file target_3.txt (compact mmCIF, C-alpha atoms and all ligand atoms)
# COMPACT_ATOMS: atom_id res chain seq x y z
CA MET M 1 6.40 5.45 -35.42
CA PRO M 2 5.52 1.78 -34.71
CA ASP M 3 8.36 -0.44 -33.50
CA LEU M 4 8.80 -3.09 -36.22
CA HIS M 5 10.54 -5.44 -33.76
CA VAL M 6 7.43 -5.78 -31.62
CA VAL M 7 5.42 -8.96 -32.14
CA ARG M 8 1.67 -8.27 -32.12
CA PRO M 9 -0.24 -8.77 -29.97
CA LEU M 10 2.47 -7.85 -27.47
CA GLN M 11 2.88 -10.59 -24.84
CA VAL M 12 2.72 -8.83 -21.49
CA VAL M 13 3.45 -10.55 -18.18
CA LEU M 14 2.14 -8.81 -15.07
CA ALA M 15 3.94 -10.23 -12.04
CA GLY M 16 1.96 -9.64 -8.83
CA GLY M 17 -1.62 -9.79 -7.67
CA GLY M 18 -1.95 -6.56 -5.71
CA VAL M 19 -2.98 -2.99 -6.32
CA ALA M 20 -0.25 -2.13 -8.85
CA ALA M 21 -0.61 -5.27 -10.99
CA VAL M 22 -4.41 -5.06 -11.17
CA GLU M 23 -4.38 -1.31 -11.85
CA ALA M 24 -1.90 -1.94 -14.69
CA ALA M 25 -4.09 -4.75 -16.05
CA LEU M 26 -7.12 -2.45 -16.14
CA ALA M 27 -5.12 0.41 -17.68
CA LEU M 28 -3.67 -1.85 -20.38
CA ARG M 29 -7.09 -3.17 -21.30
CA ASP M 30 -8.28 0.40 -21.74
CA LEU M 31 -5.22 1.81 -23.50
CA ALA M 32 -4.03 -1.08 -25.63
CA GLY M 33 -7.06 -3.41 -25.99
CA GLU M 34 -6.32 -6.22 -28.46
CA LEU M 35 -2.78 -4.97 -29.05
CA VAL M 36 -1.69 -6.83 -25.93
CA GLU M 37 -2.16 -10.36 -24.67
CA ALA M 38 -1.61 -10.28 -20.92
CA THR M 39 -0.92 -12.88 -18.26
CA LEU M 40 -1.18 -12.15 -14.55
CA VAL M 41 1.15 -14.27 -12.38
CA ALA M 42 0.53 -14.23 -8.62
CA PRO M 43 0.44 -16.80 -5.81
CA ASN M 44 -2.59 -15.21 -4.10
CA GLU M 45 -6.13 -16.05 -5.19
CA TYR M 46 -7.58 -12.74 -4.03
CA LEU M 47 -6.76 -9.06 -4.38
CA ALA M 48 -6.78 -7.87 -0.77
CA TYR M 49 -7.92 -4.33 0.03
CA ARG M 50 -5.20 -3.92 2.64
CA PRO M 51 -5.88 -0.39 3.96
CA MET M 52 -9.25 -1.42 5.43
CA SER M 53 -7.60 -4.08 7.60
CA VAL M 54 -6.90 -1.39 10.24
CA ARG M 55 -10.59 -1.51 11.19
CA GLU M 56 -10.65 -5.26 11.82
CA PRO M 57 -9.48 -5.19 15.47
CA PHE M 58 -12.35 -2.78 16.24
CA GLY M 59 -15.11 -5.19 15.24
CA TYR M 60 -15.67 -4.11 11.65
CA ALA M 61 -15.99 -6.59 8.79
CA SER M 62 -12.78 -7.97 7.29
CA ALA M 63 -11.07 -5.97 4.55
CA GLN M 64 -12.55 -6.78 1.14
CA HIS M 65 -11.03 -9.55 -0.98
CA TYR M 66 -11.74 -9.86 -4.72
CA PRO M 67 -11.11 -13.12 -6.65
CA LEU M 68 -8.26 -12.58 -9.12
CA SER M 69 -9.77 -15.27 -11.38
CA GLU M 70 -12.88 -13.13 -11.86
CA ILE M 71 -10.85 -9.98 -12.49
CA ALA M 72 -8.65 -11.81 -15.04
CA SER M 73 -11.62 -13.31 -16.84
CA ASP M 74 -13.38 -9.93 -16.85
CA LEU M 75 -10.33 -8.42 -18.57
CA GLY M 76 -9.74 -11.36 -20.93
CA MET M 77 -6.35 -12.11 -19.37
CA HIS M 78 -4.69 -15.36 -18.37
CA LEU M 79 -4.07 -16.02 -14.70
CA ILE M 80 -1.32 -18.25 -13.38
CA CYS M 81 -1.42 -18.82 -9.62
CA GLU M 82 2.33 -19.24 -9.17
CA LYS M 83 5.26 -17.30 -7.81
CA VAL M 84 7.72 -15.55 -10.11
CA ALA M 85 11.25 -16.72 -9.24
CA ARG M 86 13.62 -15.21 -11.80
CA VAL M 87 13.81 -13.40 -15.10
CA ASN M 88 16.10 -14.19 -18.00
CA THR M 89 16.38 -10.70 -19.41
CA ARG M 90 18.36 -11.77 -22.47
CA ALA M 91 15.91 -14.43 -23.64
CA ARG M 92 12.96 -12.42 -22.19
CA ILE M 93 11.58 -15.32 -20.20
CA VAL M 94 9.95 -15.24 -16.76
CA HIS M 95 10.49 -18.42 -14.72
CA THR M 96 8.12 -19.28 -11.91
CA GLN M 97 9.08 -21.24 -8.79
CA GLU M 98 6.76 -23.98 -10.00
CA GLY M 99 8.68 -24.34 -13.30
CA THR M 100 6.45 -22.46 -15.75
CA GLU M 101 8.27 -20.40 -18.39
CA LEU M 102 6.60 -17.37 -19.93
CA GLU M 103 8.02 -15.38 -22.82
CA TYR M 104 7.38 -11.68 -22.63
CA GLY M 105 7.47 -8.68 -24.94
CA ALA M 106 7.01 -6.50 -21.84
CA LEU M 107 7.12 -7.40 -18.17
CA LEU M 108 5.69 -5.44 -15.25
CA VAL M 109 7.12 -6.36 -11.86
CA ALA M 110 4.67 -5.46 -9.09
CA LEU M 111 5.51 -7.79 -6.21
CA GLY M 112 4.95 -5.26 -3.41
CA ALA M 113 7.35 -5.07 -0.47
CA ALA M 114 8.49 -7.84 1.83
CA THR M 115 7.91 -7.11 5.53
CA ARG M 116 10.29 -7.82 8.40
CA LEU M 117 9.83 -7.69 12.12
CA ARG M 118 11.98 -4.90 13.57
CA TYR M 119 11.52 -5.35 17.33
CA GLU M 120 11.32 -8.65 19.13
CA HIS M 121 9.54 -7.05 22.11
CA ALA M 122 6.86 -5.14 20.18
CA LEU M 123 3.61 -6.30 18.59
CA THR M 124 4.27 -6.03 14.85
CA ILE M 125 1.46 -5.05 12.52
CA ASP M 126 0.69 -7.67 9.88
CA ASP M 127 -2.38 -6.68 7.92
CA ALA M 128 -3.22 -10.32 7.18
CA HIS M 129 -3.78 -10.95 10.93
CA LEU M 130 -4.52 -7.56 12.38
CA ALA M 131 -7.60 -8.55 14.34
CA GLN M 132 -5.77 -11.45 16.06
CA THR M 133 -2.74 -9.25 16.78
CA LEU M 134 -4.59 -6.30 18.28
CA GLN M 135 -7.90 -7.55 19.72
CA GLY M 136 -6.30 -8.58 23.02
CA LEU M 137 -4.62 -5.19 23.26
CA LEU M 138 -7.94 -3.44 22.60
CA THR M 139 -9.59 -5.40 25.42
CA ASP M 140 -6.73 -4.49 27.76
CA VAL M 141 -7.09 -0.81 26.80
CA GLU M 142 -10.87 -0.83 27.32
CA GLN M 143 -10.50 -2.55 30.67
CA GLY M 144 -7.81 -0.13 31.83
CA ARG M 145 -4.97 -2.67 31.97
CA VAL M 146 -3.02 -0.75 29.30
CA ARG M 147 -2.72 2.98 30.04
CA ARG M 148 0.39 3.91 28.11
CA LEU M 149 0.67 2.78 24.52
CA VAL M 150 3.48 3.46 22.06
CA PHE M 151 3.30 3.07 18.28
CA VAL M 152 6.58 2.96 16.37
CA ILE M 153 7.14 3.76 12.69
CA PRO M 154 10.54 2.09 12.36
CA GLY M 155 11.89 3.77 9.23
CA ARG M 156 11.20 6.23 6.47
CA LEU M 157 10.24 3.49 4.05
CA ALA M 158 6.94 2.54 5.65
CA TRP M 159 3.24 2.77 4.90
CA PRO M 160 2.45 6.16 6.40
CA PHE M 161 -1.15 5.76 7.58
CA PRO M 162 -1.75 2.69 9.77
CA ALA M 163 0.19 3.80 12.88
CA TYR M 164 -1.78 7.07 13.04
CA GLU M 165 -5.10 5.37 12.34
CA LEU M 166 -4.61 2.64 14.92
CA ALA M 167 -3.49 5.18 17.55
CA LEU M 168 -6.54 7.38 16.88
CA MET M 169 -8.98 4.46 16.86
CA MET M 170 -7.52 2.98 20.06
CA GLN M 171 -7.84 6.35 21.76
CA THR M 172 -11.48 6.67 20.65
CA ARG M 173 -12.28 3.23 22.04
CA ALA M 174 -10.59 4.06 25.33
CA GLU M 175 -12.65 7.26 25.61
CA LYS M 176 -15.87 5.36 24.86
CA ALA M 177 -15.02 2.77 27.49
CA GLY M 178 -14.15 5.51 30.02
CA ALA M 179 -10.61 4.13 30.25
CA GLU M 180 -7.56 6.28 30.74
CA LEU M 181 -5.04 6.01 27.87
CA SER M 182 -2.14 8.10 26.71
CA THR M 183 -0.49 7.21 23.44
CA ALA M 184 2.74 8.19 21.71
CA ILE M 185 3.69 7.81 18.06
CA ILE M 186 7.44 7.60 17.46
CA SER M 187 8.40 8.33 13.89
CA PRO M 188 11.43 9.33 11.84
CA GLU M 189 9.22 12.01 10.22
CA LYS M 190 10.05 15.52 11.41
CA ARG M 191 6.34 16.30 11.73
CA PRO M 192 3.24 14.07 11.74
CA LEU M 193 2.36 13.01 8.18
CA GLY M 194 4.90 15.58 7.03
CA LEU M 195 4.66 14.30 3.47
CA PHE M 196 1.45 16.36 3.18
CA GLY M 197 3.32 19.61 3.85
CA LEU M 198 3.59 21.97 6.81
CA GLU M 199 0.01 23.27 6.99
CA VAL M 200 -1.68 19.85 6.93
CA SER M 201 0.91 18.50 9.31
CA ARG M 202 0.11 21.29 11.81
CA LYS M 203 -3.57 20.34 11.68
CA ILE M 204 -2.69 16.69 12.25
CA SER M 205 -0.52 17.76 15.22
CA ARG M 206 -3.51 19.58 16.72
CA LEU M 207 -5.77 16.60 16.16
CA LEU M 208 -3.28 14.26 17.84
CA ALA M 209 -2.84 16.61 20.81
CA GLU M 210 -6.63 16.90 21.27
CA ARG M 211 -6.83 13.12 21.39
CA GLN M 212 -4.01 12.71 23.98
CA ILE M 213 -1.57 11.40 21.38
CA GLU M 214 1.99 12.64 21.62
CA PHE M 215 4.03 12.76 18.42
CA ILE M 216 7.75 12.13 18.96
CA SER M 217 10.18 12.63 16.11
CA ALA M 218 13.27 10.44 16.47
CA ALA M 219 15.75 9.15 13.92
CA GLY M 220 15.28 5.68 15.38
CA CYS M 221 14.55 3.77 18.55
CA GLU M 222 15.16 0.47 20.29
CA VAL M 223 12.74 -1.65 22.31
CA PRO M 224 15.01 -3.46 24.80
CA ASP M 225 12.08 -5.03 26.66
CA PRO M 226 8.28 -5.07 26.23
CA LYS M 227 7.79 -2.02 28.47
CA ARG M 228 10.58 0.30 27.39
CA VAL M 229 11.51 2.31 24.32
CA VAL M 230 14.85 4.08 23.94
CA LEU M 231 14.91 6.95 21.46
CA MET M 232 17.92 7.44 19.21
CA PRO M 233 20.18 9.34 19.11
CA SER M 234 19.06 11.06 22.38
CA HIS M 235 18.83 7.84 24.48
CA ARG M 236 15.69 9.27 26.10
CA GLN M 237 13.70 6.44 27.65
CA LEU M 238 9.93 6.01 27.49
CA GLU M 239 7.90 3.67 29.65
CA ALA M 240 5.03 1.83 27.97
CA ASP M 241 2.52 -0.85 28.89
CA ARG M 242 2.64 -2.08 25.30
CA VAL M 243 4.62 -1.21 22.15
CA VAL M 244 3.17 -1.68 18.65
CA SER M 245 5.39 -1.33 15.59
CA LEU M 246 4.97 -1.27 11.84
CA PRO M 247 7.23 -3.79 10.07
CA THR M 248 10.23 -2.62 8.07
CA LEU M 249 9.85 -2.89 4.29
CA HIS M 250 12.28 -4.47 1.85
CA GLY M 251 12.19 -5.52 -1.78
CA HIS M 252 11.56 -9.12 -2.85
CA ALA M 253 14.59 -10.88 -4.30
CA LEU M 254 13.96 -11.48 -8.00
CA THR M 255 16.99 -12.86 -9.79
CA GLY M 256 17.74 -11.05 -13.04
CA VAL M 257 16.08 -7.74 -12.12
CA PRO M 258 18.29 -4.87 -10.85
CA LYS M 259 17.84 -3.85 -7.23
CA THR M 260 19.08 -1.42 -4.58
CA PRO M 261 20.85 -2.73 -1.43
CA ARG M 262 17.42 -3.04 0.28
CA GLY M 263 16.08 -4.98 -2.68
CA PHE M 264 13.93 -2.24 -4.22
CA ILE M 265 13.77 -1.94 -7.99
CA PRO M 266 15.25 1.27 -9.50
CA ILE M 267 12.89 2.89 -12.01
CA ASP M 268 12.91 5.88 -14.35
CA PRO M 269 10.02 8.41 -14.65
CA HIS M 270 8.13 6.06 -17.00
CA CYS M 271 8.54 3.25 -14.45
CA GLN M 272 10.93 1.39 -16.73
CA VAL M 273 13.49 -0.55 -14.73
CA ARG M 274 16.88 1.09 -15.06
CA GLY M 275 19.44 -0.95 -16.96
CA VAL M 276 17.15 -3.53 -18.58
CA GLU M 277 14.87 -3.38 -21.60
CA ARG M 278 11.14 -3.96 -21.63
CA ILE M 279 10.87 -4.45 -17.89
CA TYR M 280 8.76 -2.03 -15.87
CA ALA M 281 8.04 -1.92 -12.15
CA ALA M 282 5.35 -0.31 -9.99
CA GLY M 283 4.26 -0.20 -6.38
CA ASP M 284 5.84 -0.81 -2.98
CA GLY M 285 8.63 -2.87 -4.56
CA THR M 286 10.16 0.09 -6.42
CA ASP M 287 12.83 2.42 -5.07
CA PHE M 288 10.36 5.33 -4.81
CA GLU M 289 10.33 6.46 -1.17
CA LEU M 290 6.54 6.62 -0.64
CA LYS M 291 4.85 3.28 -0.07
CA HIS M 292 1.17 3.97 -0.67
CA GLY M 293 -1.62 2.37 -2.69
CA GLY M 294 -2.45 5.53 -4.63
CA ILE M 295 1.22 5.96 -5.57
CA ALA M 296 1.45 2.29 -6.60
CA SER M 297 -1.53 2.89 -8.92
CA GLN M 298 -0.05 6.01 -10.47
CA GLN M 299 3.17 4.13 -11.18
CA ALA M 300 1.14 1.28 -12.67
CA ASP M 301 -0.65 3.77 -14.95
CA ALA M 302 2.67 5.27 -16.12
CA ALA M 303 4.06 1.79 -16.83
CA ALA M 304 0.85 0.75 -18.62
CA GLU M 305 1.05 3.81 -20.86
CA ALA M 306 4.66 3.01 -21.77
CA ILE M 307 3.76 -0.63 -22.49
CA ALA M 308 0.68 0.39 -24.51
CA ALA M 309 2.89 2.67 -26.66
CA LEU M 310 5.34 -0.19 -27.15
CA ALA M 311 2.42 -2.35 -28.28
CA GLY M 312 1.53 0.24 -30.93
CA ALA M 313 -1.29 2.13 -29.24
CA PRO M 314 -1.56 5.78 -30.36
CA ILE M 315 -0.48 7.24 -27.03
CA ARG M 316 2.33 9.44 -25.79
CA PRO M 317 3.27 7.98 -22.40
CA ALA M 318 3.18 10.46 -19.53
CA PRO M 319 5.79 10.20 -16.77
CA PHE M 320 4.87 9.34 -13.19
CA ARG M 321 4.00 12.57 -11.35
CA PRO M 322 3.07 11.61 -7.81
CA VAL M 323 -0.02 12.97 -6.10
CA VAL M 324 -0.68 11.49 -2.65
CA ARG M 325 -4.30 11.06 -1.63
CA GLY M 326 -5.26 9.42 1.60
CA VAL M 327 -8.22 8.86 3.86
CA LEU M 328 -7.20 8.99 7.50
CA LEU M 329 -9.53 6.99 9.74
CA THR M 330 -9.73 8.71 13.10
CA GLY M 331 -12.31 6.70 15.03
CA ARG M 332 -14.71 9.58 14.37
CA LYS M 333 -15.12 11.37 11.03
CA PRO M 334 -12.47 10.44 8.47
CA LEU M 335 -10.18 13.10 7.03
CA PHE M 336 -9.26 13.39 3.36
CA LEU M 337 -5.70 14.45 2.65
CA SER M 338 -4.03 15.21 -0.65
CA ALA M 339 -0.80 16.76 -1.89
CA CYS M 340 1.38 16.89 -4.97
CA TYR M 341 4.74 15.35 -4.13
CA SER M 342 8.18 16.12 -5.47
CA GLY M 343 11.76 16.06 -4.19
CA GLY M 344 10.70 14.46 -0.90
CA HIS M 345 8.13 17.18 -0.12
CA GLY M 346 4.38 17.64 -0.40
CA PHE M 347 2.95 20.87 -1.80
CA SER M 348 -0.48 22.25 -2.77
CA ALA M 349 -1.77 20.13 0.11
CA LYS M 350 -5.38 19.95 1.30
CA MET M 351 -7.10 18.42 4.28
CA THR M 352 -10.90 18.28 4.11
CA ASP M 353 -13.75 16.36 5.73
CA ARG M 354 -15.13 15.47 2.28
CA ALA M 355 -13.30 13.60 -0.45
CA THR M 356 -11.83 15.65 -3.26
CA TRP M 357 -11.65 12.51 -5.43
CA SER M 358 -14.17 9.97 -6.63
CA PRO M 359 -15.00 7.31 -5.57
CA PRO M 360 -13.92 8.44 -2.08
CA THR M 361 -11.99 5.28 -1.30
CA LYS M 362 -8.82 4.64 0.69
CA ILE M 363 -6.82 3.75 -2.39
CA SER M 364 -7.29 6.46 -4.95
CA ALA M 365 -6.64 4.76 -8.29
CA LYS M 366 -7.74 5.88 -11.75
CA TYR M 367 -8.98 2.48 -12.93
CA LEU M 368 -9.09 0.29 -9.83
CA GLY M 369 -11.19 2.75 -7.79
CA PRO M 370 -14.18 2.86 -10.17
CA TYR M 371 -13.76 -0.83 -11.08
CA LEU M 372 -14.02 -2.10 -7.48
CA ASP M 373 -16.73 0.44 -6.73
CA ARG M 374 -18.78 -1.02 -9.58
CA ILE M 375 -18.25 -4.59 -8.37
CA ASP M 376 -19.25 -3.61 -4.83
CA ARG M 377 -22.36 -1.78 -5.90
CA ILE M 378 -23.63 -4.40 -8.35
CA VAL M 379 -22.87 -7.77 -6.79
CA GLY M 380 -21.05 -7.12 -3.53
CA VAL M 381 -17.90 -8.95 -2.63
CA HIS M 382 -19.71 -11.66 -0.73
CA GLY M 383 -22.90 -11.78 -2.74
CA GLY M 384 -24.97 -8.74 -1.76
CA PRO M 385 -24.86 -5.01 -2.41
CA ARG M 386 -22.54 -3.40 0.11
CA GLN M 387 -20.59 -0.34 0.96
CA PRO M 388 -17.87 0.38 -1.64
CA ALA M 389 -14.36 -0.90 -0.93
CA GLY M 390 -12.49 1.46 1.26
CA ALA M 391 -15.35 3.93 1.48
CA ALA M 392 -14.34 5.65 4.62
CA THR M 393 -16.96 5.97 7.29
CA ASP M 394 -15.92 5.73 10.89
CA GLU M 395 -19.32 4.60 12.06
CA PRO M 396 -19.50 2.08 14.85
CA ALA M 397 -19.36 -1.57 13.83
CA GLY M 398 -22.76 -2.93 12.90
C1 LIG M 401 -2.32 -1.79 7.24
C2 LIG M 401 -2.11 -1.02 5.98
C3 LIG M 401 -2.79 0.17 5.74
C4 LIG M 401 -2.59 0.89 4.57
N1 LIG M 401 -3.31 2.03 4.35
C5 LIG M 401 -3.22 2.63 3.14
C6 LIG M 401 -4.09 3.72 2.82
O1 LIG M 401 -4.87 4.17 3.66
N2 LIG M 401 -4.02 4.25 1.57
C7 LIG M 401 -3.16 3.78 0.64
O2 LIG M 401 -3.18 4.28 -0.50
N3 LIG M 401 -2.32 2.76 0.91
C8 LIG M 401 -2.34 2.17 2.13
N4 LIG M 401 -1.53 1.12 2.41
C9 LIG M 401 -0.49 0.76 1.45
C10 LIG M 401 -1.01 -0.06 0.29
O3 LIG M 401 -1.75 -1.18 0.73
C11 LIG M 401 0.20 -0.52 -0.52
O4 LIG M 401 0.97 0.60 -0.84
C12 LIG M 401 -0.25 -1.22 -1.81
O5 LIG M 401 -0.93 -2.41 -1.49
C13 LIG M 401 0.96 -1.51 -2.69
O6 LIG M 401 0.55 -2.20 -3.82
P1 LIG M 401 1.53 -3.23 -4.55
O7 LIG M 401 0.77 -3.79 -5.69
O8 LIG M 401 2.84 -2.61 -4.77
O9 LIG M 401 1.81 -4.35 -3.46
P2 LIG M 401 0.81 -5.38 -2.79
O10 LIG M 401 -0.56 -4.82 -2.70
O11 LIG M 401 1.51 -5.82 -1.55
O12 LIG M 401 0.76 -6.59 -3.82
C14 LIG M 401 1.91 -7.36 -4.12
C15 LIG M 401 1.45 -8.61 -4.81
O13 LIG M 401 2.57 -9.32 -5.34
C16 LIG M 401 2.40 -10.70 -5.04
N5 LIG M 401 3.71 -11.34 -5.02
C17 LIG M 401 4.66 -11.31 -4.05
N6 LIG M 401 5.73 -12.04 -4.44
C18 LIG M 401 5.44 -12.54 -5.66
C19 LIG M 401 6.13 -13.37 -6.59
N7 LIG M 401 7.36 -13.84 -6.35
N8 LIG M 401 5.53 -13.67 -7.77
C20 LIG M 401 4.30 -13.19 -8.07
N9 LIG M 401 3.58 -12.39 -7.22
C21 LIG M 401 4.15 -12.08 -6.04
C22 LIG M 401 1.70 -10.70 -3.66
O14 LIG M 401 1.10 -11.96 -3.42
C23 LIG M 401 0.70 -9.57 -3.88
O15 LIG M 401 -0.42 -10.03 -4.57
C24 LIG M 401 -1.68 0.40 3.59
C25 LIG M 401 -0.98 -0.79 3.83
C26 LIG M 401 -1.18 -1.50 4.99
C27 LIG M 401 -0.44 -2.79 5.22

call {"tool": "encode", "arguments": {"input": "target_3.txt", "output": "structure tokens"}}
result
Amino acid sequence: MPDLHVVRPLQVVLAGGGVAAVEAALALRDLAGELVEATLVAPNEYLAYRPMSVREPFGYASAQHYPLSEIASDLGMHLICEKVARVNTRARIVHTQEGTELEYGALLVALGAATRLRYEHALTIDDAHLAQTLQGLLTDVEQGRVRRLVFVIPGRLAWPFPAYELALMMQTRAEKAGAELSTAIISPEKRPLGLFGLEVSRKISRLLAERQIEFISAAGCEVPDPKRVVLMPSHRQLEADRVVSLPTLHGHALTGVPKTPRGFIPIDPHCQVRGVERIYAAGDGTDFELKHGGIASQQADAAAEAIAALAGAPIRPAPFRPVVRGVLLTGRKPLFLSACYSGGHGFSAKMTDRATWSPPTKISAKYLGPYLDRIDRIVGVHGGPRQPAGAATDEPAG
């Protein structure tokens, strides 16, 4: 039954310029077509393909960047390069920091997560500057000046892959250079990549052990100086030549939108924000515990379906049912991991050396995957045909 209070076309504001916002934009175009008029609001000019940044310190090309203006024009959407500051939920108006006011019939909040440095004495991973941060360390590893390296995953709410990938790739480079290196990964996970279930996690444990990488499960740790890590609660001390940490993740403050104490947005199974009408949220900024591009996309799809139904499209919105898919770069052949996820656990998990999804990219997304694949194959990001975004080969840098 159509909602008679909905103005057509439905004015949709998509706040954010990352994976979740662009996936939602593509899904809405497909599901609702002319029933929606959408505006993308984001301060960044490019959609960054963040997972591929882990290869940058090892001499590979920079992670792909796609102009948002071209994506918006392709989809017939408006683009405003500004920052969303607050939402007046009663009047249904989004205010930007720059003073623009946008009325909405539906709003999707997809601002990602804010990152914070956890340890003053560790190198903290920032995907916007990964090559600068880690190139010096790589040289020190290859030249034998760093022999004991520790990677820290500082909390449960973290991107799961980069610490493992960087540890594996560092170890490969050390082997190639004939340098001695032992590495440890400290994580609050009980088992390595435990979200993929026990069987996959055992295989990952074996892989890490073969590559001289020790996995240490600890509720937390401190880094009192650049060469020492203290595990909590055991107070066991580890010596290290260098410590590398992921940042901690928090939500962005957005006045008017409900949030948890860490600033994440609480959502229901259709990705509607709890306690407010016509506001949806997707991606790293929500209170869902897994921060992952594929999950962000699935949330964006669920939100887009709910918004399309609100706009009058003949669709019964499906709830968000998480399936985690990930490509783990190892410095050799990549591994393809997948699992259904519910109640904090992975099940029906698989680990293969070939992708079980298509295109076989790092971020597995229903609309964004094929869309970026098409752009890459036809024009290339920088003007020539190239390897698809996130296509995972671990070949040496060319
Ligand atoms: C090094 C690294 C490796 C990773 N590896 C993988 C992997 O292998 N596989 C995988 O699936 N995922 C991986 N991830 C995680 C994945 O990149 C994120 O989960 C995904 O980008 C989340 O999408 P998002 O849209 O929620 O947030 P983001 O991609 O962070 O996008 C948020 C957007 O919101 C914009 N924004 C922020 N504030 C405002 C504001 N006030 N107003 C308007 N816009 C705003 C930002 O500019 C940005 O465009 C990795 C992440 C990192 C950092």

call {"tool": "closest_residue", "arguments": {"input": "target_3.txt", "among": "M:Val273, M:Ala27, M:Ala114, M:Ala349", "to": "ligand LIG 401 (chain M)", "atoms": "only C-alpha atoms and all ligand atoms"}}
result
M:Ala114

call {"tool": "closest_residue", "arguments": {"input": "target_3.txt", "among": "M:Arg116, M:His129, M:Arg173, M:Lys190", "to": "Ala63 of chain M", "atoms": "all atoms listed in the file"}}
result
M:His129

call {"tool": "closest_residue", "arguments": {"input": "target_3.txt", "among": "M:Lys350, M:Arg242, M:Arg156, M:Arg377", "to": "Lys203 of chain M", "atoms": "only C-alpha atoms"}}
result
M:Lys350

call {"tool": "residues_near_point", "arguments": {"input": "target_3.txt", "point": "(-11.7, 13.1, 10.8)", "cutoff": "10 Å", "atoms": "only C-alpha atoms", "output": "PyMOL selection string"}}
result
chain M and resi 168+204+207+327-336+351-354+393-394

call {"tool": "write_last_selection", "arguments": {"input": "target_3.txt", "atoms": "C-alpha atoms", "output": "tab-separated table (two decimals), in the coordinates of the input"}}
result
chain	number	residue	atom	x	y	z
M	168	LEU	CA	-6.54	7.38	16.88
M	204	ILE	CA	-2.69	16.69	12.25
M	207	LEU	CA	-5.77	16.60	16.16
M	327	VAL	CA	-8.22	8.86	3.86
M	328	LEU	CA	-7.20	8.99	7.50
M	329	LEU	CA	-9.53	6.99	9.74
M	330	THR	CA	-9.73	8.71	13.10
M	331	GLY	CA	-12.31	6.70	15.03
M	332	ARG	CA	-14.71	9.58	14.37
M	333	LYS	CA	-15.12	11.37	11.03
M	334	PRO	CA	-12.47	10.44	8.47
M	335	LEU	CA	-10.18	13.10	7.03
M	336	PHE	CA	-9.26	13.39	3.36
M	351	MET	CA	-7.10	18.42	4.28
M	352	THR	CA	-10.90	18.28	4.11
M	353	ASP	CA	-13.75	16.36	5.73
M	354	ARG	CA	-15.13	15.47	2.28
M	393	THR	CA	-16.96	5.97	7.29
M	394	ASP	CA	-15.92	5.73	10.89

call {"tool": "atom_distance", "arguments": {"input": "target_3.txt", "atom1": "atom CA of Ser297 of chain M", "atom2": "atom CA of Ala365 of chain M"}}
result
5.5 Å

call {"tool": "residues_around", "arguments": {"input": "target_3.txt", "residues": "Arg90 of chain M", "least_positions_apart": "2", "cutoff": "12 Å", "atoms": "all atoms listed in the file", "output": "list in words"}}
result
Val87, Asn88, Arg92, Ile93, Val94, Glu103, Tyr104, Gly105, Gly256, Val257, Val276, Glu277, Arg278 and Ile279 of chain M

call {"tool": "residues_around", "arguments": {"input": "target_3.txt", "residues": "Pro370 of chain M", "least_positions_apart": "5", "cutoff": "10 Å", "atoms": "all atoms listed in the file", "output": "number ranges by chain"}}
result
M: 358-361, 364-365, 375-376, 388-389
